[in-house]
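The data block below is model-v1.tsv; it holds TSV, C-alpha atoms and all ligand atoms.
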```
chain	number	residue	atom	x	y	z
E	1	MET	CA	-24.47	12.96	45.85
E	2	ALA	CA	-27.84	13.39	47.50
E	3	ARG	CA	-28.64	10.91	50.22
E	4	ARG	CA	-31.63	10.14	52.33
E	5	ASN	CA	-31.97	11.95	55.65
E	6	LYS	CA	-31.25	9.95	58.74
E	7	ILE	CA	-33.40	10.31	61.84
E	8	ALA	CA	-32.33	8.72	65.11
E	9	VAL	CA	-35.01	8.05	67.70
E	10	VAL	CA	-33.65	7.57	71.21
E	11	GLY	CA	-36.09	5.44	73.18
E	12	ALA	CA	-38.18	3.18	70.98
E	13	GLY	CA	-41.20	2.92	73.27
E	14	ASN	CA	-44.72	4.15	72.58
E	15	ILE	CA	-43.76	7.60	71.30
E	16	GLY	CA	-40.53	6.41	69.66
E	17	GLY	CA	-42.21	3.62	67.69
E	18	ASN	CA	-44.85	6.01	66.39
E	19	ILE	CA	-42.19	8.52	65.39
E	20	GLY	CA	-40.53	5.80	63.30
E	21	LEU	CA	-43.82	5.09	61.57
E	22	LEU	CA	-44.60	8.77	60.92
E	23	CYS	CA	-41.12	9.50	59.55
E	24	ALA	CA	-41.54	6.66	57.06
E	25	GLU	CA	-45.06	7.75	56.12
E	26	ARG	CA	-43.92	11.32	55.53
E	27	ARG	CA	-40.94	10.12	53.50
E	28	LEU	CA	-38.58	12.04	55.76
E	29	GLY	CA	-35.72	9.56	55.57
E	30	ASP	CA	-34.25	6.43	57.13
E	31	VAL	CA	-34.82	5.83	60.82
E	32	VAL	CA	-32.63	4.36	63.55
E	33	LEU	CA	-34.70	3.18	66.50
E	34	TYR	CA	-32.31	3.03	69.46
E	35	ASP	CA	-33.13	1.68	72.90
E	36	ILE	CA	-31.38	-0.10	75.76
E	37	GLU	CA	-30.12	-3.68	75.38
E	38	ARG	CA	-32.89	-5.12	77.58
E	39	VAL	CA	-35.53	-4.26	74.99
E	40	LEU	CA	-33.47	-4.98	71.87
E	41	GLY	CA	-35.96	-7.64	70.71
E	42	PRO	CA	-39.01	-5.34	70.68
E	43	THR	CA	-36.90	-2.49	69.26
E	44	ARG	CA	-35.80	-4.63	66.32
E	45	GLY	CA	-39.35	-5.94	66.05
E	46	LYS	CA	-40.79	-2.43	65.66
E	47	ALA	CA	-38.28	-1.58	62.95
E	48	LEU	CA	-38.99	-4.82	61.06
E	49	ASP	CA	-42.75	-4.41	61.42
E	50	ILE	CA	-42.63	-0.88	59.97
E	51	ASN	CA	-40.24	-1.97	57.21
E	52	GLN	CA	-42.81	-4.54	56.15
E	53	LEU	CA	-45.52	-1.87	56.10
E	54	THR	CA	-43.50	0.19	53.63
E	55	ALA	CA	-44.19	-2.41	50.91
E	56	VAL	CA	-47.93	-1.87	51.23
E	57	ARG	CA	-47.59	1.91	51.19
E	58	GLY	CA	-44.83	2.16	48.58
E	59	LEU	CA	-42.43	3.92	50.92
E	60	ASP	CA	-38.64	3.89	50.63
E	61	SER	CA	-37.61	4.55	54.25
E	62	ARG	CA	-35.60	1.85	55.92
E	63	LEU	CA	-35.66	1.36	59.68
E	64	ILE	CA	-33.26	-0.44	61.96
E	65	GLY	CA	-33.68	-1.32	65.62
E	66	THR	CA	-30.49	-1.26	67.67
E	67	SER	CA	-28.97	-0.98	71.13
E	68	ASP	CA	-25.69	0.36	69.73
E	69	PHE	CA	-25.74	4.15	69.49
E	70	ALA	CA	-22.92	4.04	66.95
E	71	ASP	CA	-25.64	3.11	64.45
E	72	ALA	CA	-27.03	6.64	64.91
E	73	ALA	CA	-23.77	8.31	63.87
E	74	GLY	CA	-24.29	10.89	61.16
E	75	ALA	CA	-27.98	11.38	61.97
E	76	ASP	CA	-29.44	14.69	60.78
E	77	VAL	CA	-32.06	14.72	63.51
E	78	VAL	CA	-32.11	13.05	66.93
E	79	ILE	CA	-35.45	12.78	68.71
E	80	VAL	CA	-35.14	11.92	72.39
E	81	THR	CA	-38.07	10.08	73.99
E	82	ALA	CA	-35.95	8.05	76.42
E	83	GLY	CA	-37.43	8.06	79.87
E	84	VAL	CA	-40.22	6.87	82.04
E	85	PRO	CA	-43.74	8.16	81.36
E	86	ARG	CA	-46.16	9.30	84.08
E	87	LYS	CA	-48.54	6.96	85.88
E	88	PRO	CA	-51.88	8.14	87.28
E	89	GLY	CA	-51.36	10.48	90.25
E	90	MET	CA	-47.88	11.57	89.15
E	91	SER	CA	-46.85	15.03	87.96
E	92	ARG	CA	-44.23	15.46	85.25
E	93	GLU	CA	-41.92	16.78	87.96
E	94	ASP	CA	-42.10	13.44	89.78
E	95	LEU	CA	-40.07	12.01	86.89
E	96	VAL	CA	-37.05	14.28	87.41
E	97	GLU	CA	-34.74	11.88	89.19
E	98	VAL	CA	-35.18	8.81	87.06
E	99	ASN	CA	-35.34	10.65	83.74
E	100	LEU	CA	-32.36	12.87	84.51
E	101	ALA	CA	-30.20	9.76	84.96
E	102	ILE	CA	-31.39	8.58	81.55
E	103	ILE	CA	-30.70	11.97	79.96
E	104	ARG	CA	-27.14	11.88	81.37
E	105	ASP	CA	-26.60	8.59	79.57
E	106	VAL	CA	-28.14	9.93	76.34
E	107	ALA	CA	-26.04	13.13	76.53
E	108	GLU	CA	-22.79	11.15	76.54
E	109	LYS	CA	-23.88	9.28	73.44
E	110	VAL	CA	-25.14	12.34	71.58
E	111	LYS	CA	-21.88	14.13	72.35
E	112	THR	CA	-19.87	11.22	70.95
E	113	TYR	CA	-21.88	10.16	67.91
E	114	THR	CA	-24.30	12.90	66.82
E	115	PRO	CA	-22.89	16.24	68.00
E	116	ASP	CA	-24.06	18.09	64.89
E	117	ALA	CA	-27.62	16.79	64.70
E	118	PHE	CA	-30.73	18.87	65.33
E	119	VAL	CA	-31.99	17.49	68.64
E	120	ILE	CA	-35.65	17.45	69.67
E	121	VAL	CA	-36.37	16.42	73.27
E	122	ILE	CA	-39.68	14.93	74.38
E	123	SER	CA	-38.73	13.32	77.71
E	124	ASN	CA	-40.40	14.85	80.78
E	125	PRO	CA	-40.27	17.08	82.72
E	126	LEU	CA	-39.64	18.62	79.32
E	127	ASP	CA	-38.24	22.06	80.06
E	128	ALA	CA	-35.71	20.65	82.53
E	129	MET	CA	-34.72	17.64	80.41
E	130	VAL	CA	-33.98	19.79	77.35
E	131	TYR	CA	-31.97	22.14	79.58
E	132	ALA	CA	-30.00	19.18	80.95
E	133	LEU	CA	-29.29	17.61	77.57
E	134	HIS	CA	-28.16	20.94	76.10
E	135	LYS	CA	-25.77	21.49	78.97
E	136	LEU	CA	-24.46	17.94	79.39
E	137	ALA	CA	-23.91	17.33	75.67
E	138	GLY	CA	-22.59	20.84	75.04
E	139	LEU	CA	-24.88	21.49	72.09
E	140	ALA	CA	-25.24	24.75	70.19
E	141	ASP	CA	-28.21	26.83	71.37
E	142	ASN	CA	-29.94	26.74	67.98
E	143	MET	CA	-29.54	22.98	67.52
E	144	ILE	CA	-31.70	21.73	70.37
E	145	CYS	CA	-35.25	22.39	71.46
E	146	GLY	CA	-38.08	20.68	73.27
E	147	MET	CA	-41.40	19.45	71.98
E	148	ALA	CA	-44.31	20.70	74.06
E	149	GLY	CA	-46.04	23.68	72.48
E	150	VAL	CA	-47.00	21.93	69.26
E	151	LEU	CA	-48.74	19.27	71.34
E	152	ASP	CA	-50.29	21.74	73.79
E	153	THR	CA	-51.63	23.95	70.98
E	154	SER	CA	-52.98	20.95	69.11
E	155	ARG	CA	-54.90	19.93	72.23
E	156	PHE	CA	-56.23	23.48	72.59
E	157	ARG	CA	-57.18	23.62	68.90
E	158	PHE	CA	-59.03	20.33	69.14
E	159	PHE	CA	-61.13	21.51	72.08
E	160	VAL	CA	-61.96	24.78	70.28
E	161	ALA	CA	-62.84	23.00	67.02
E	162	GLU	CA	-65.11	20.66	68.95
E	163	ALA	CA	-66.82	23.49	70.86
E	164	LEU	CA	-67.46	25.58	67.73
E	165	ASP	CA	-68.04	22.73	65.27
E	166	VAL	CA	-65.45	24.12	62.84
E	167	SER	CA	-62.54	22.60	60.97
E	168	ILE	CA	-59.52	22.25	63.23
E	169	GLU	CA	-57.39	23.46	60.33
E	170	ASP	CA	-58.78	26.96	60.74
E	171	VAL	CA	-58.23	27.18	64.49
E	172	HIS	CA	-55.02	29.04	65.25
E	173	ALA	CA	-53.71	29.03	68.77
E	174	ILE	CA	-50.69	29.91	70.78
E	175	VAL	CA	-49.53	28.46	74.07
E	176	LEU	CA	-46.49	29.93	75.81
E	177	GLY	CA	-44.46	28.80	78.77
E	178	GLY	CA	-43.42	25.57	80.40
E	179	HIS	CA	-44.93	22.17	79.64
E	180	GLY	CA	-46.76	21.96	82.93
E	181	ASP	CA	-50.15	22.68	84.43
E	182	ASP	CA	-49.38	26.42	84.48
E	183	MET	CA	-48.64	26.73	80.74
E	184	VAL	CA	-50.12	29.90	79.20
E	185	PRO	CA	-52.67	29.52	76.37
E	186	LEU	CA	-53.06	33.08	75.03
E	187	THR	CA	-56.75	33.21	74.14
E	188	ARG	CA	-56.44	36.88	73.12
E	189	LEU	CA	-54.28	35.85	70.18
E	190	CYS	CA	-56.25	32.80	69.07
E	191	SER	CA	-58.46	32.99	66.02
E	192	VAL	CA	-60.76	30.89	63.88
E	193	GLY	CA	-60.28	31.69	60.22
E	194	GLY	CA	-59.12	35.16	61.25
E	195	VAL	CA	-62.06	35.78	63.61
E	196	PRO	CA	-60.86	36.48	67.17
E	197	LEU	CA	-61.64	33.45	69.34
E	198	GLU	CA	-62.66	35.63	72.29
E	199	SER	CA	-65.58	36.94	70.21
E	200	LEU	CA	-66.80	33.42	69.49
E	201	LEU	CA	-66.91	31.76	72.89
E	202	PRO	CA	-68.04	33.12	76.28
E	203	ARG	CA	-65.30	33.59	78.90
E	204	ASP	CA	-66.39	30.67	81.07
E	205	GLN	CA	-66.21	28.27	78.13
E	206	LEU	CA	-62.81	29.64	77.13
E	207	ASP	CA	-61.57	29.24	80.69
E	208	ALA	CA	-62.76	25.64	80.70
E	209	ILE	CA	-60.84	24.96	77.47
E	210	VAL	CA	-57.70	26.60	78.89
E	211	GLU	CA	-57.99	24.43	81.98
E	212	ARG	CA	-58.54	21.24	79.98
E	213	THR	CA	-55.53	22.07	77.81
E	214	ARG	CA	-53.33	22.64	80.85
E	215	LYS	CA	-54.36	19.28	82.26
E	216	GLY	CA	-54.43	17.66	78.81
E	217	GLY	CA	-51.51	15.35	79.50
E	218	GLY	CA	-52.98	14.28	82.84
E	219	GLU	CA	-56.34	13.45	81.23
E	220	LEU	CA	-54.57	11.00	78.91
E	221	VAL	CA	-52.55	9.51	81.78
E	222	GLN	CA	-55.82	8.82	83.63
E	223	LEU	CA	-57.45	7.26	80.58
E	224	TYR	CA	-54.50	5.06	79.61
E	225	GLY	CA	-53.84	4.02	83.18
E	226	THR	CA	-50.36	2.68	82.44
E	227	GLY	CA	-48.53	5.54	80.69
E	228	SER	CA	-48.99	8.84	78.91
E	229	ALA	CA	-50.13	10.09	75.50
E	230	TYR	CA	-48.16	8.92	72.49
E	231	PHE	CA	-49.90	9.45	69.15
E	232	ALA	CA	-50.17	13.25	69.34
E	233	PRO	CA	-46.71	13.73	70.94
E	234	ALA	CA	-45.12	11.69	68.13
E	235	GLU	CA	-46.91	13.68	65.43
E	236	ALA	CA	-45.88	16.97	67.06
E	237	ALA	CA	-42.19	16.04	67.18
E	238	VAL	CA	-42.23	14.83	63.60
E	239	ALA	CA	-43.72	18.16	62.46
E	240	MET	CA	-40.73	19.89	64.07
E	241	ALA	CA	-38.25	17.46	62.49
E	242	GLU	CA	-39.89	17.96	59.11
E	243	SER	CA	-39.62	21.75	59.34
E	244	TYR	CA	-35.88	21.37	59.99
E	245	LEU	CA	-35.18	18.71	57.37
E	246	LEU	CA	-37.18	20.40	54.61
E	247	ASP	CA	-36.22	23.93	55.69
E	248	ARG	CA	-39.92	24.75	55.87
E	249	LYS	CA	-39.33	27.63	58.30
E	250	ARG	CA	-42.57	26.93	60.12
E	251	VAL	CA	-43.29	29.12	63.12
E	252	LEU	CA	-44.07	26.66	65.89
E	253	PRO	CA	-44.31	26.90	69.66
E	254	VAL	CA	-41.23	25.07	70.95
E	255	ALA	CA	-39.11	25.01	74.10
E	256	ALA	CA	-36.20	27.14	72.88
E	257	ARG	CA	-33.17	28.45	74.73
E	258	LEU	CA	-33.83	32.09	75.51
E	259	SER	CA	-31.22	34.78	75.71
E	260	GLY	CA	-33.14	37.67	77.21
E	261	GLN	CA	-36.46	37.33	75.36
E	262	TYR	CA	-39.47	37.55	77.69
E	263	GLY	CA	-36.98	38.64	80.37
E	264	ILE	CA	-35.55	35.09	80.54
E	265	ASP	CA	-31.92	34.22	80.02
E	266	GLY	CA	-30.29	30.80	79.73
E	267	TYR	CA	-33.41	28.66	80.17
E	268	PHE	CA	-35.54	26.66	77.74
E	269	PHE	CA	-39.13	27.89	77.64
E	270	GLY	CA	-42.09	27.57	75.31
E	271	VAL	CA	-42.11	30.40	72.73
E	272	PRO	CA	-42.97	30.78	69.04
E	273	ALA	CA	-39.87	30.05	66.96
E	274	ARG	CA	-38.95	29.58	63.33
E	275	ILE	CA	-37.61	26.10	62.63
E	276	GLY	CA	-35.61	25.70	59.44
E	277	ALA	CA	-32.30	24.42	58.13
E	278	GLY	CA	-30.55	26.56	60.74
E	279	GLY	CA	-32.40	24.78	63.57
E	280	VAL	CA	-34.13	27.25	65.89
E	281	GLU	CA	-33.53	30.22	63.60
E	282	LYS	CA	-35.51	32.91	65.38
E	283	VAL	CA	-37.53	33.42	68.53
E	284	TYR	CA	-40.56	35.72	68.29
E	285	GLU	CA	-41.41	37.97	71.18
E	286	ILE	CA	-45.01	38.93	71.84
E	287	GLU	CA	-46.01	42.02	73.77
E	288	LEU	CA	-47.99	40.69	76.70
E	289	LEU	CA	-50.73	42.28	78.80
E	290	PRO	CA	-50.01	42.46	82.55
E	291	HIS	CA	-52.20	39.46	83.45
E	292	GLU	CA	-50.59	37.40	80.67
E	293	LYS	CA	-47.11	38.38	81.86
E	294	ALA	CA	-48.09	37.34	85.39
E	295	MET	CA	-49.14	33.89	84.13
E	296	LEU	CA	-45.89	33.57	82.18
E	297	ASP	CA	-43.82	34.53	85.23
E	298	LYS	CA	-45.62	31.88	87.27
E	299	SER	CA	-44.92	29.26	84.62
E	300	PHE	CA	-41.26	30.28	84.47
E	301	ALA	CA	-40.94	30.05	88.26
E	302	SER	CA	-42.05	26.40	88.01
E	303	VAL	CA	-39.56	25.67	85.23
E	304	ARG	CA	-36.74	27.31	87.15
E	305	SER	CA	-37.43	25.29	90.28
E	306	VAL	CA	-37.44	21.99	88.37
E	307	VAL	CA	-34.17	22.94	86.65
E	308	ALA	CA	-32.69	23.82	90.05
E	309	ALA	CA	-33.78	20.39	91.37
E	310	CYS	CA	-31.64	18.80	88.64
E	311	LYS	CA	-28.39	19.97	90.30
E	312	LEU	CA	-26.42	19.89	87.08
O	401	LIG	N1	-31.47	5.13	76.50
O	401	LIG	C1	-32.38	4.92	75.53
O	401	LIG	N2	-33.66	4.58	75.80
O	401	LIG	C2	-34.02	4.43	77.08
O	401	LIG	C3	-33.11	4.63	78.14
O	401	LIG	C4	-31.78	4.99	77.81
O	401	LIG	N3	-30.87	5.20	78.75
O	401	LIG	N4	-33.78	4.41	79.30
O	401	LIG	C5	-35.04	4.10	78.98
O	401	LIG	N5	-35.20	4.10	77.63
O	401	LIG	C6	-36.37	3.77	76.83
O	401	LIG	C7	-37.24	2.69	77.47
O	401	LIG	O1	-36.61	1.40	77.35
O	401	LIG	C8	-38.51	2.80	76.67
O	401	LIG	O2	-38.54	1.93	75.55
O	401	LIG	O3	-37.28	4.85	76.67
O	401	LIG	C9	-38.50	4.26	76.18
O	401	LIG	C10	-39.67	5.09	76.67
O	401	LIG	O4	-40.80	4.57	76.12
O	401	LIG	P1	-42.20	4.41	76.92
O	401	LIG	O5	-41.94	3.81	78.26
O	401	LIG	O6	-43.17	3.72	76.02
O	401	LIG	O7	-42.63	5.93	77.17
O	401	LIG	P2	-43.30	6.97	76.14
O	401	LIG	O8	-44.78	6.97	76.35
O	401	LIG	O9	-42.78	6.73	74.79
O	401	LIG	O10	-42.76	8.36	76.75
O	401	LIG	C11	-41.40	8.69	76.71
O	401	LIG	O11	-41.83	11.06	76.71
O	401	LIG	O12	-43.79	12.27	77.02
O	401	LIG	C12	-42.61	11.80	77.61
O	401	LIG	O13	-43.22	11.60	79.93
O	401	LIG	C13	-42.90	10.87	78.75
O	401	LIG	O14	-40.66	10.89	79.59
O	401	LIG	C14	-41.59	10.13	78.85
O	401	LIG	C15	-41.14	10.03	77.40
```
Transcribe the structure of this file into structure tokens.
Amino acid sequence: MARRNKIAVVGAGNIGGNIGLLCAERRLGDVVLYDIERVLGPTRGKALDINQLTAVRGLDSRLIGTSDFADAAGADVVIVTAGVPRKPGMSREDLVEVNLAIIRDVAEKVKTYTPDAFVIVISNPLDAMVYALHKLAGLADNMICGMAGVLDTSRFRFFVAEALDVSIEDVHAIVLGGHGDDMVPLTRLCSVGGVPLESLLPRDQLDAIVERTRKGGGELVQLYGTGSAYFAPAEAAVAMAESYLLDRKRVLPVAARLSGQYGIDGYFFGVPARIGAGGVEKVYEIELLPHEKAMLDKSFASVRSVVAACKL
């Protein structure tokens, strides 16, 4: 008998609440919003609030808010947002200690209740947190990845669409590497309706867009003042969940576990990958020019040092 998909959201804060809403709106399935006991009231409140919205929109998803992870058992997808967001002046790396402790707690629960789910990690510093959860929960390489590239490319695409006054739908972009200020937007491979981007914008303007993309998260942290971006990160993670649940086989930039691609082995790093019913089904390797490879190596060095700081 067919049944509705079940999506568990770990951490029902700003990003988690929006993920619940988007999953309902996209008719992806039922949603379990899980958070710690201390915020059980607001967690249940978010679920109830969204449930009441479904009447207006004619949606069938049902949400529950809970502090008991057993309610997530049998989930098809687990999206992990648990953690502390950045405050102005902080780097993602400043979050390592506090968020690693949270990921340890989440790993135990995932291992016990949802070992077969497709896991998407959002908590920062992203590349290290997805590495930690994969290792601590003992998940299969293809069943866990991190959300960063979809967000980073959507930021890049927005800035390009704005600069050229074109539909964002026709701006195609690719960002490789870690989810940090040395991520690698590959302008050589970006296009607007098939027209190479580098022929449409002068180098200095392109460089400014690359720089704004790299610092895109920080710009939002400054503007919000109390936390980090949440609408676009939620949408990005839901696009990845949708590709898995509907076996869309979209090719998206995600933090995937590499086994030799790009000269990297055993780390999670932002690369184009096909997401379908088999999870991370395939990683695509791009032939890079020397200066692009140098940028990628620099980004990987940062990821490796944050992973080393985790002392797993
Ligand atoms: N288990 C489950 N949830 C937890 C745990 C835990 N052990 N510890 C904390 N949380 C919850 C918090 O109670 C909070 O509701 O995680 C939620 C995080 O929500 P917000 O503080 O609103 O943060 P948000 O903006 O959603 O960002 C979450 O994503 O982009 C990253 O850097 C960001 O690491 C941060 C994460």
Check: Given the choices E:Gly65, E:Gly83, E:Gly41, E:Gly217, which gets closest to ligand LIG 401 (chain O) if the distance is worked out from all atoms listed in the file?
Finding: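 So, comparing all the options, the nearest one is E:Gly83.
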Checklist line | Minimum-distance residue to ligand LIG 401 (chain O), chosen among E:Gly58, E:Tyr224, E:Arg203, E:Lys135 (using only C-alpha atoms and all ligand atoms) | finding: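 Closest residue, counting only C-alpha atoms and all ligand atoms: E:Tyr224.
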Next item on the list: Set the cut-off to 7 Å, count all atoms listed in the file, and list whatever residues fall near ligand LIG 401 (chain O) as an MDAnalysis selection string.
Entry: chainID E and resid 10:16 34:36 39 81:86 92 99 102:103 105:106 122:125 227:230 233
Notebook entry, point to check: When distances are computed from all atoms listed in the file, which of E:Met240, E:Arg250, E:Glu235, E:Val175 shows the smallest separation from Val210 in chain E?
Noted result: E:Val175
Checklist line | Shortest interatomic distance to Gly266 in chain E - which of E:Val280, E:Asp207, E:Ala132, E:Ala241, counting all atoms listed in the file | finding: E:Ala132
Once 8 Å is added on each side, what are the centre and the three edge lengths, in Å to one decimal, of the axis-aligned box enclosing the listed atoms of range 126-134 of chain E? Present them as AutoDock Vina command-line options.
```
--center_x -33.9 --center_y 19.9 --center_z 79.3 --size_x 27.5 --size_y 20.5 --size_z 22.4
```
Checklist line | Distance criterion (all atoms listed in the file): nearest to Ser305 in chain E out of E:Ala128, E:Ile168, E:Met147, E:Leu176 | finding: E:Ala128
Next item on the list: Between CA of His172 in chain E and CA of Asp247 in chain E, measure the distance and give it in Å to one decimal.
Entry: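 Computing it gives 21.7 Å between the two atoms.
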Item checked: Of the listed residues E:Tyr113, E:Tyr284, E:Phe231, E:Tyr131, that which approaches Gly260 in chain E most closely, counting only C-alpha atoms ->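 Closest to Gly260 in chain E of all the choices is E:Tyr284.
Excluding Ala75 in chain E and any residue on its chain fewer than 5 positions from it, the residues at most 10 Å away by all atoms listed in the file are E:Asn5, E:Lys6, E:Ile7, E:Ala8, E:Val9, E:Asp30, E:Val31, E:Val32, E:Tyr113, E:Thr114, E:Pro115, E:Asp116, E:Ala117, E:Phe118, E:Val119.
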Next item on the list: To one decimal in Å, tell me the separation between CA of Leu220 in chain E and CA of Val80 in chain E.
Entry: 20.5 Å
Margin query: Please compute the CA of Lys282 in chain E-CA of Ser243 in chain E distance, one decimal, in Å.
Written below: 13.3 Å
Next item on the list: Would you kindly return, as a PyMOL selection string, each protein, DNA or RNA residue with an atom no farther than 10 Å from any atom of Asp181 in chain E, considering all atoms listed in the file and excluding same-chain residues fewer than 6 positions away?
Entry: chain E and resi 91-92+211-218+299+302
Checklist line | Residues near Leu48 in chain E, cut-off 12 Å, all atoms listed in the file, skip fewer than 4 positions along chain, as JSON, numbers by chain | finding: {"E": [17, 20, 21, 31, 32, 33, 41, 42, 43, 44, 52, 53, 54, 55, 61, 62, 63, 64, 65, 66]}
Only C-alpha atoms, please: the residues just picked out, written as a PDB file, in the coordinates of the input.
```pdb
ATOM      1  CA  GLY E  17     -42.210   3.620  67.690  1.00  0.00           C
ATOM      2  CA  GLY E  20     -40.530   5.800  63.300  1.00  0.00           C
ATOM      3  CA  LEU E  21     -43.820   5.090  61.570  1.00  0.00           C
ATOM      4  CA  VAL E  31     -34.820   5.830  60.820  1.00  0.00           C
ATOM      5  CA  VAL E  32     -32.630   4.360  63.550  1.00  0.00           C
ATOM      6  CA  LEU E  33     -34.700   3.180  66.500  1.00  0.00           C
ATOM      7  CA  GLY E  41     -35.960  -7.640  70.710  1.00  0.00           C
ATOM      8  CA  PRO E  42     -39.010  -5.340  70.680  1.00  0.00           C
ATOM      9  CA  THR E  43     -36.900  -2.490  69.260  1.00  0.00           C
ATOM     10  CA  ARG E  44     -35.800  -4.630  66.320  1.00  0.00           C
ATOM     11  CA  GLN E  52     -42.810  -4.540  56.150  1.00  0.00           C
ATOM     12  CA  LEU E  53     -45.520  -1.870  56.100  1.00  0.00           C
ATOM     13  CA  THR E  54     -43.500   0.190  53.630  1.00  0.00           C
ATOM     14  CA  ALA E  55     -44.190  -2.410  50.910  1.00  0.00           C
ATOM     15  CA  SER E  61     -37.610   4.550  54.250  1.00  0.00           C
ATOM     16  CA  ARG E  62     -35.600   1.850  55.920  1.00  0.00           C
ATOM     17  CA  LEU E  63     -35.660   1.360  59.680  1.00  0.00           C
ATOM     18  CA  ILE E  64     -33.260  -0.440  61.960  1.00  0.00           C
ATOM     19  CA  GLY E  65     -33.680  -1.320  65.620  1.00  0.00           C
ATOM     20  CA  THR E  66     -30.490  -1.260  67.670  1.00  0.00           C
TER      21      THR E  66
END
```
Notebook entry, point to check: Skipping near chain neighbours, those fewer than 3 positions away, what residues fall within 10 Å of Lys249 in chain E using all atoms listed in the file, listed as a ChimeraX atom specification?
Noted result: /E:240,242-246,252,273-282
